[in-house]
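K.L.:
The following block contains the structure, expressed as C-alpha cells.
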Amino acid sequence: MDKLCITGGQPLKGTITISGAKNAALPLMCAAILAPGTLTLTRVPDLRDVASLRGVLGALGVTTDYDPASKKMVLDAATISSTVAPYELVRKMRASVLVLGPLAARMGEARVSLPGGCAIGARPVDLHLEGLKQLGAEIDIDEGYIVAKAPQGLKGNDVHFAKVSVGATENLLMAATLAKGTTVLHNAAREPEIIDLGNCLIAMGAKISGLGTARIVIEGVTELKAAHHSVIGDRIEAGTFAIAAAMTDGDVLLDGANIDHLTALVHPLHLAGVDMIAENGSAIRVRRARKTLRGVDVMTEPYPGFPTDMQAQLMALLTVAEGAGMVSETVFENRFMHVPELIRMGANITVHGHSALVRGVKRLKGAHVMATDLRASVSLVLAGLVAEGETQVHRIYHLERGYEDIVGKLGGVGAHLRRTTDDDA
Ligand code: EPZ
C-alpha cells in the first residue's frame, strides 16, 4: 500500500491552484444521463472518485472521454444501454447512487445497488427513496438493490425532506427536471455544489428556481439537451489548504477559490488569528494575523453552516493552537476517526459523544498514522506538516479519492513530502 512521508517545519509560501470541486463534478457527471447527446464538463478534477463514477456510467452505456491534462470531460448519453448500476461498482463510490434519479426520470426504471455505509456512518438513502416515491416511482429493495419503476414517467409533486441531505436534494433535483408538472423541494440542501448542478441543468434546458435556498421549484420539461458547463472550484480543498497555510505560519494564495463559498470558515479562522482575504475575485490570500493561533469552538451544520467536510482539518489546527477548542459534529455519527491518530502524534483531545475538546500542545511529534476516510486522512497530512520529525500517513488511497495531486500542490509551496510504498525503507 502507498504512504506519504512528511517532514514537518516548513512554512508554506506561494500559490496553489484550486481544482474543480469533487462534490460538484460527481453529480454533474450523473446529470449527463438525463439528456441524449453530449455534456461537456471542464475543470473536472483527476480523482479516484471521478474514475470510479466513469466506470458506473460506462456500465450504463454513457461514454466519458476525459483528458486529465485539460480537465475536460465529454460525456455521451445518446443511448442508455443498461439501467443497472452493479454492486461491485457502486460499493467503491457511494455517490454512484446519484444515477438513480436520472435513470428513473429518463428511462422509467433503475436497478441501483444500495451504496451501503462507510467509515463515517451508516449513510442511509431513505430520503432519496421517499422523495422518488413522492414523484410517483414504485420503489422496492431486492437482493441489496434499489429497484425503481416509473413506466408512465415521474409526476411533479411537493417533496418534504425530513432532514437536510445534499445527495437526496441532488437526486430529486435531477429527477424532477423530466417529471410531468411542477415539483417543489422543501428543506432542500443549499450547498454551492447544488447551485452548480442546477445551473448546469438549466443550461441543458431545465426550468429551475430557488437554487441555494431551502425551497427549490422545478417545472418539468419533456427533454433536455446537450450543454457545456465548467465545474466550480473545490471549497473544501481550498479550506484544507487555507488551514495548512495557517498551521505552518505561511503565506499562500489559493488561486481559483471563491471566498463566498467559505464564509463559515472565514469567521472561526479569524477568531483563531488567521486572515483569509479575497483577491481579484477568484483567489484567497491566507496568512496569520497574529504570532500564535488561538483555540476556537465550531459545530458542523448543513450549508451555510460550518462544513462537516472541514471538521477534521480544523481539529488539526486546534491541536497546535494556544488554549482549547470544542469541535461538535452534528451531521455524521462517526466522524472522529482522525482523533486516535492525532493523539498518536501527541495531540491532547478528549471525545464526549459528538463533541471533542482539543487542548493545544506546543509541538506534535511525527509518527506512523493510518488514513481512514478522506477528510480524516488529510487532517493527518496537515498535522505532519507541523510535527517534529517525519510522519508516515499509510493507506493514502483514501486521500487520492478527493485531493488532486496533493503532493505536487503542497510540495510546490515548500512542504517536504514524498509518496512511497509500504515496503520501502
Ligand atoms: C455529501 O454526502 C458529500 N458527498 C459529503 O462529502 C458531505 O460530507 C455531505 O454531503 C454533507 O455535506 C458528495 O457530495 C459526493 P447528506 P451525502 O445526504 O449527500 C443523513 C466528502 O468528504 N441522510 O447531506 O451522502 C446522512 O446519514 C464527502 O467529500 C439520511 O439520513 O450527505 C447524514 O447524517 C463525505 N438519509 C446526513 O443525512 C438519506 O437518505 C447528511 O447526509 C440521506 C442522508
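Residue names in the C-alpha cells use chain letters A, B, ... in the order shown, residue numbers from 1 in each chain, and ligand numbers from 1 in the order shown.
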Using DSSP on the backbone coordinates, identify the residues of segment 5-238 of chain A assigned to helix (DSSP H, G or I); present them as a PyMOL selection string.
P.N.:
chain A and resi 22-34+48-60+87-90+94-107+126-134+166-176+192-203+235-238
K.L.:
Find the residues around segment 181-185 of chain A up to 10 Å (only C-alpha atoms counted), leave out those fewer than 2 positions away in its own chain, and share them as JSON, numbers by chain.
P.N.:
{"A": [131, 134, 135, 154, 155, 156, 157, 158, 159, 160, 161, 169, 172, 173, 175, 176, 177, 178, 179, 187, 188, 189, 207, 208, 209, 210, 213, 214, 215, 216, 217, 218, 219, 220, 221]}
K.L.:
Using only C-alpha atoms, pick whichever of A:His267, A:Lys3, A:Arg363, A:Lys133 has the shortest atom-to-atom distance to Met345 of chain A.
P.N.:
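Of the candidates, the smallest distance to Met345 of chain A is held by A:Arg363.
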K.L.:
Once DSSP has gone over the backbone, tell me which residues of segment 77-192 of chain A are in strand (DSSP E or B), as a list of chain:residue names.
P.N.:
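So, restricting segment 77-192 of chain A to strand (DSSP E or B), we get A:Val84, A:Ala85, A:Glu109, A:Ala110, A:Arg111, A:Val112, A:Ser113, A:Cys118, A:Gly121, A:Glu138, A:Ile139, A:Asp140, A:Ile141, A:Asp142, A:Tyr145, A:Ile146, A:Val147, A:Ala148, A:Lys149, A:Lys155, A:Asp158, A:Val159, A:His160, A:Lys180, A:Thr182, A:Thr183, A:Val184, A:Leu185, A:His186.
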K.L.:
Could you name the residues that touch Glu329 of chain A at 9 Å or less, counting only C-alpha atoms, but leaving out those on the same chain fewer than 4 positions away, as a list in words?
P.N.:
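Everything that qualifies: Val298, Met299, Thr300, Glu301, Thr308, Gln311, Glu333, Asn334, Arg335, Phe336, His354, Ser355 and Ala356 of chain A.
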K.L.:
May I have the selected residues written with N, CA and C atoms, as an mmCIF file, in the first residue's frame?
P.N.:
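Listing of selection.cif after writing:
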data_model
loop_
_atom_site.group_PDB
_atom_site.id
_atom_site.type_symbol
_atom_site.label_atom_id
_atom_site.label_comp_id
_atom_site.auth_asym_id
_atom_site.auth_seq_id
_atom_site.Cartn_x
_atom_site.Cartn_y
_atom_site.Cartn_z
ATOM 1 N N VAL A 298 -16.212 25.149 17.193
ATOM 2 C CA VAL A 298 -17.047 25.056 15.982
ATOM 3 C C VAL A 298 -18.031 23.897 16.112
ATOM 4 N N MET A 299 -19.166 24.071 15.388
ATOM 5 C CA MET A 299 -20.157 22.992 15.316
ATOM 6 C C MET A 299 -20.507 22.804 13.839
ATOM 7 N N THR A 300 -20.458 21.590 13.337
ATOM 8 C CA THR A 300 -20.749 21.385 11.913
ATOM 9 C C THR A 300 -22.261 21.437 11.692
ATOM 10 N N GLU A 301 -22.631 21.995 10.538
ATOM 11 C CA GLU A 301 -24.050 22.112 10.178
ATOM 12 C C GLU A 301 -24.174 22.071 8.657
ATOM 13 N N THR A 308 -19.104 19.972 7.581
ATOM 14 C CA THR A 308 -18.595 18.735 8.199
ATOM 15 C C THR A 308 -17.329 18.277 7.491
ATOM 16 N N GLN A 311 -14.256 19.591 9.256
ATOM 17 C CA GLN A 311 -14.155 19.383 10.723
ATOM 18 C C GLN A 311 -12.813 18.795 11.122
ATOM 19 N N GLU A 333 -22.503 10.448 12.180
ATOM 20 C CA GLU A 333 -22.462 9.847 13.522
ATOM 21 C C GLU A 333 -21.088 9.337 13.927
ATOM 22 N N ASN A 334 -20.143 9.235 12.979
ATOM 23 C CA ASN A 334 -18.854 8.653 13.361
ATOM 24 C C ASN A 334 -17.715 9.329 12.614
ATOM 25 N N ARG A 335 -17.531 10.596 12.842
ATOM 26 C CA ARG A 335 -16.555 11.319 12.041
ATOM 27 C C ARG A 335 -15.407 11.848 12.899
ATOM 28 N N PHE A 336 -14.959 11.018 13.861
ATOM 29 C CA PHE A 336 -13.808 11.390 14.677
ATOM 30 C C PHE A 336 -12.673 10.377 14.550
ATOM 31 N N HIS A 354 -20.630 13.412 20.538
ATOM 32 C CA HIS A 354 -20.401 14.074 19.249
ATOM 33 C C HIS A 354 -19.518 15.307 19.378
ATOM 34 N N SER A 355 -18.874 15.472 20.566
ATOM 35 C CA SER A 355 -18.009 16.633 20.740
ATOM 36 C C SER A 355 -16.613 16.209 21.144
ATOM 37 N N ALA A 356 -15.637 16.981 20.668
ATOM 38 C CA ALA A 356 -14.233 16.697 21.017
ATOM 39 C C ALA A 356 -13.637 17.973 21.583
#
